[in-house]
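J.: Following this line is run-v2.cif, made up of mmCIF, C-alpha atoms:
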data_model
loop_
_atom_site.label_atom_id
_atom_site.label_comp_id
_atom_site.auth_asym_id
_atom_site.auth_seq_id
_atom_site.Cartn_x
_atom_site.Cartn_y
_atom_site.Cartn_z
CA MET A 15 64.15 -8.73 -53.38
CA PRO A 16 63.53 -5.38 -51.59
CA ILE A 17 63.58 -7.14 -48.20
CA ASP A 18 66.92 -8.77 -48.99
CA ARG A 19 68.23 -5.38 -50.10
CA LEU A 20 67.10 -3.71 -46.87
CA SER A 21 68.89 -6.38 -44.88
CA GLN A 22 72.08 -5.94 -46.90
CA ILE A 23 71.91 -2.17 -46.57
CA GLU A 24 71.54 -2.49 -42.79
CA LYS A 25 74.63 -4.70 -42.65
CA ASN A 26 76.60 -2.25 -44.78
CA LEU A 27 75.48 0.67 -42.63
CA LYS A 28 76.59 -1.12 -39.48
CA LEU A 29 80.05 -1.73 -40.97
CA LEU A 30 80.32 1.88 -42.11
CA ARG A 31 79.19 3.23 -38.73
CA ASP A 32 81.78 1.04 -37.01
CA GLN A 33 84.42 2.52 -39.33
CA GLN A 34 83.06 6.00 -38.67
CA HIS A 35 83.33 5.48 -34.92
CA ALA A 36 86.91 4.18 -35.20
CA LEU A 37 87.97 7.11 -37.39
CA GLU A 38 86.31 9.62 -35.07
CA GLN A 39 88.22 8.09 -32.16
CA GLU A 40 91.44 8.25 -34.17
CA ALA A 41 90.83 11.91 -35.00
CA ILE A 42 90.29 12.66 -31.31
CA PHE A 43 93.30 10.79 -29.97
CA THR A 44 95.90 11.58 -32.62
CA THR A 45 97.50 14.69 -33.99
CA GLY A 46 99.23 15.80 -37.13
CA LEU A 47 99.00 13.82 -40.32
CA ALA A 48 97.13 10.86 -38.77
CA LYS A 49 94.42 13.20 -37.49
CA ILE A 50 94.09 14.94 -40.86
CA GLN A 51 93.92 11.61 -42.70
CA ALA A 52 91.23 10.28 -40.35
CA GLU A 53 89.14 13.44 -40.77
CA GLN A 54 89.55 13.39 -44.55
CA ARG A 55 88.55 9.75 -44.79
CA LEU A 56 85.50 10.45 -42.67
CA GLY A 57 84.43 13.41 -44.81
CA GLU A 58 85.31 12.03 -48.22
CA GLU A 59 84.59 8.31 -47.93
CA ILE A 60 82.62 7.16 -44.90
CA LYS A 61 79.96 9.85 -44.37
CA PRO A 62 79.04 10.14 -48.08
CA LYS A 63 78.71 6.35 -48.31
CA ILE A 64 76.50 6.29 -45.20
CA ARG A 65 74.29 8.99 -46.77
CA GLU A 66 73.99 6.96 -49.99
CA TYR A 67 72.99 3.78 -48.17
CA GLU A 68 70.51 5.55 -45.88
CA LYS A 69 68.91 7.30 -48.83
CA GLU A 70 68.56 3.96 -50.64
CA TYR A 71 67.24 2.33 -47.46
CA TRP A 72 64.42 4.87 -47.15
CA GLN A 73 63.62 4.67 -50.86
CA VAL A 74 63.32 0.87 -50.74
CA LEU A 75 61.31 1.08 -47.52
CA ALA A 76 58.95 3.69 -49.02
CA GLN A 77 58.39 1.46 -52.08
CA GLN A 78 57.80 -1.57 -49.87
CA THR A 79 55.40 0.33 -47.61
CA LYS A 80 53.16 1.17 -50.55
CA THR A 81 52.50 -2.55 -50.96
CA GLU A 82 52.28 -3.47 -47.26
CA ASP A 83 49.18 -2.91 -45.17
CA ILE A 84 49.80 -1.15 -41.89
CA PRO A 85 47.11 -2.06 -39.35
CA GLU A 86 45.07 1.05 -38.54
CA GLN A 87 45.43 0.58 -34.77
CA GLU A 88 49.23 0.35 -35.06
CA ALA A 89 49.33 3.34 -37.39
CA GLU A 90 47.28 5.45 -34.96
CA ILE A 91 49.75 4.74 -32.15
CA ILE A 92 52.74 5.61 -34.34
CA VAL A 93 51.11 8.78 -35.68
CA ALA A 94 50.28 9.94 -32.14
CA GLU A 95 53.85 9.20 -31.01
CA ILE A 96 55.37 11.14 -33.90
CA VAL A 97 53.09 14.17 -33.41
CA GLU A 98 53.82 14.26 -29.66
CA GLU A 99 57.57 13.79 -30.08
CA VAL A 100 57.86 16.50 -32.75
CA GLY A 101 56.24 18.90 -30.28
CA GLN A 102 58.79 17.94 -27.62
CA ILE A 103 61.68 18.28 -30.07
CA GLU A 104 60.49 21.80 -30.97
CA VAL A 105 60.50 22.81 -27.30
CA GLN A 106 63.96 21.32 -26.64
CA GLY A 107 65.51 23.31 -29.49
CA GLN A 108 68.47 20.96 -29.86
CA TYR A 109 68.19 20.50 -33.64
CA SER A 110 68.79 22.89 -36.50
CA ASP A 111 66.02 24.97 -38.06
CA GLU A 112 66.22 22.80 -41.21
CA VAL A 113 65.56 19.60 -39.27
CA LEU A 114 62.76 21.25 -37.29
CA GLN A 115 61.14 22.47 -40.49
CA ILE A 116 61.12 18.95 -41.96
CA LEU A 117 59.72 17.52 -38.73
CA GLN A 118 57.00 20.17 -38.70
CA GLU A 119 56.07 19.28 -42.28
CA ILE A 120 55.85 15.62 -41.28
CA ARG A 121 53.70 16.52 -38.26
CA ASP A 122 51.44 18.66 -40.46
CA LYS A 123 50.96 15.74 -42.86
CA LEU A 124 50.00 13.54 -39.94
CA ASN A 125 47.52 16.12 -38.62
CA GLN A 126 45.66 16.50 -41.92
CA PRO A 127 41.99 15.57 -41.57
CA GLY A 128 40.29 12.94 -43.65
CA ALA A 129 42.89 10.29 -44.39
CA THR A 130 43.29 7.21 -42.25
CA ALA A 131 46.27 6.98 -39.91
CA ALA A 132 47.73 4.18 -42.04
CA ALA A 133 47.52 6.33 -45.20
CA LYS A 134 49.08 9.27 -43.37
CA LEU A 135 51.89 7.08 -42.08
CA LYS A 136 52.60 5.73 -45.56
CA GLY A 137 52.76 9.34 -46.79
CA VAL A 138 55.25 10.21 -44.07
CA ILE A 139 57.44 7.22 -44.85
CA SER A 140 57.51 8.36 -48.46
CA SER A 141 58.52 11.88 -47.40
CA ILE A 142 61.43 10.84 -45.18
CA PRO A 143 64.17 10.41 -47.82
CA PRO A 144 64.62 14.17 -48.24
CA PHE A 145 65.09 14.28 -44.46
CA ILE A 146 68.20 12.14 -44.78
CA GLY A 147 70.16 14.66 -46.85
CA ILE A 148 69.23 17.59 -44.66
CA SER A 149 69.91 15.63 -41.52
CA TYR A 150 73.48 14.89 -42.47
CA GLU A 151 74.14 18.48 -43.40
CA ALA A 152 73.07 19.21 -39.85
CA GLU A 153 75.26 16.32 -38.58
CA LEU A 154 72.32 14.31 -37.30
CA ASP A 155 72.66 10.56 -36.87
CA THR A 156 69.32 9.45 -38.28
CA GLU A 157 69.43 5.93 -36.87
CA ASN A 158 69.93 7.17 -33.31
CA PHE A 159 67.51 10.05 -33.90
CA PHE A 160 64.70 7.67 -34.87
CA GLN A 161 65.60 5.20 -32.12
CA GLN A 162 65.60 7.94 -29.48
CA HIS A 163 62.55 9.92 -30.57
CA PHE A 164 60.36 7.47 -32.52
CA PRO A 165 60.92 3.96 -31.12
CA THR A 166 57.47 2.65 -32.15
CA PHE A 167 58.00 3.96 -35.69
CA ARG A 168 61.44 2.31 -35.75
CA LYS A 169 59.87 -1.01 -34.68
CA LEU A 170 57.35 -0.76 -37.54
CA ILE A 171 60.21 -0.13 -39.98
CA LYS A 172 61.97 -3.26 -38.71
CA VAL A 173 58.76 -5.30 -39.14
CA LEU A 174 58.23 -3.99 -42.67
CA ALA A 175 61.85 -4.69 -43.51
CA LYS A 176 61.51 -8.32 -42.39
CA LYS A 177 58.28 -9.03 -44.30
CA SER A 178 58.67 -10.82 -47.57
#
Now, as a test, write the supplied structure out as structure tokens.
T.:
Amino acid sequence: MPIDRLSQIEKNLKLLRDQQHALEQEAIFTTGLAKIQAEQRLGEEIKPKIREYEKEYWQVLAQQTKTEDIPEQEAEIIVAEIVEEVGQIEVQGQYSDEVLQILQEIRDKLNQPGATAAAKLKGVISSIPPFIGISYEAELDTENFFQQHFPTFRKLIKVLAKKS
């Protein structure tokens, strides 16, 4: 059931992002009442719905990850990628202090001694849902953010989502 739900959420998110894109274009290219209506619909309907679905997506994924084994070798690669990319993101300074703080907390979890990389990665996946709410307050597109900065992590998420 969780896998089916992840798939459905992904489909819903794609539809909502398509609507978001269309409304953003409308707000750019129109004026007056049409512009105001497009901006209101974005702020009151589309973006809140996207936040809800993304939050649910990460919650379902975190629950699913607790039951799935992540191969240690794969986890080590993903952990190294995340730690390296967080360092680069800090240097670039293109994200808000709130987003940087969350990323630093994630990096610190991954750098803790003792636990295996797979256990650390599962802990990080469980800690991501709070990131969603903060990210949208900072107007961060989480899907593109993860695709751009953590492609290996994103691939693992897709694999976990497809497992039954």
J.: Please measure the separation of atom CA of Val97 of chain A and atom CA of Asn125 of chain A, giving the value in Å to one decimal.
T.: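 Straight-line distance from atom CA of Val97 of chain A to atom CA of Asn125 of chain A works out to 7.9 Å.
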J.: Please compute the atom CA of Glu40 of chain A-atom CA of Ala52 of chain A distance, one decimal, in Å.
T.: 6.5 Å
J.: One decimal, in Å: what's the spacing between atom CA of Gln118 of chain A and atom CA of Glu98 of chain A?
T.: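 We find that atom CA of Gln118 of chain A and atom CA of Glu98 of chain A lie 11.3 Å from each other.
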J.: With all atoms listed in the file as the atoms that count, which of A:Ile50, A:Leu37, A:Ala94, A:Leu30 lies nearest to Arg65 of chain A?
T.: A:Leu30
J.: I need the output of the PyMOL selection byres ((chain A and resi 120) around 10) for this file as a PyMOL selection string; which residues are they?
T.: chain A and resi 96-97+100+114-119+121-125+134-135+137-139+141-142+145
J.: Step by step, work through what the PyMOL selection byres ((chain A and resi 84) around 6) selects in the shown file, and finish by giving those residues as a list in words.
T.: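 Taken over the shown coordinates, the PyMOL selection byres ((chain A and resi 84) around 6) returns Asp83, Pro85 and Ala132 of chain A.
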J.: With all atoms listed in the file as the atoms that count, which of A:Thr130, A:Glu104, A:Glu53, A:Ala76 lies nearest to Ala36 of chain A?
T.: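 So, comparing all the options, the nearest one is A:Glu53.
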J.: Taking all atoms of segment 96-108 of chain A that appear in the file, build a box with edges along x, y and z, extend it by 8 Å on every side, and state its centre and edge lengths in Å to one decimal, as JSON.
T.:
{"center_x": 60.8, "center_y": 17.2, "center_z": -30.3, "size_x": 31.4, "size_y": 28.2, "size_z": 23.3}
J.: From the list A:Ser21, A:Gln33, A:Ser110, A:Gln78, which residue is nearest Glu59 of chain A when using all atoms listed in the file?
T.: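 Once distances to Glu59 of chain A are computed over all atoms listed in the file, the minimum belongs to A:Gln33.
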J.: Between A:Gln51, A:Glu38, A:Ile23, A:Glu86, which has the minimum distance to Ile64 of chain A (counting all atoms listed in the file)?
T.: A:Ile23
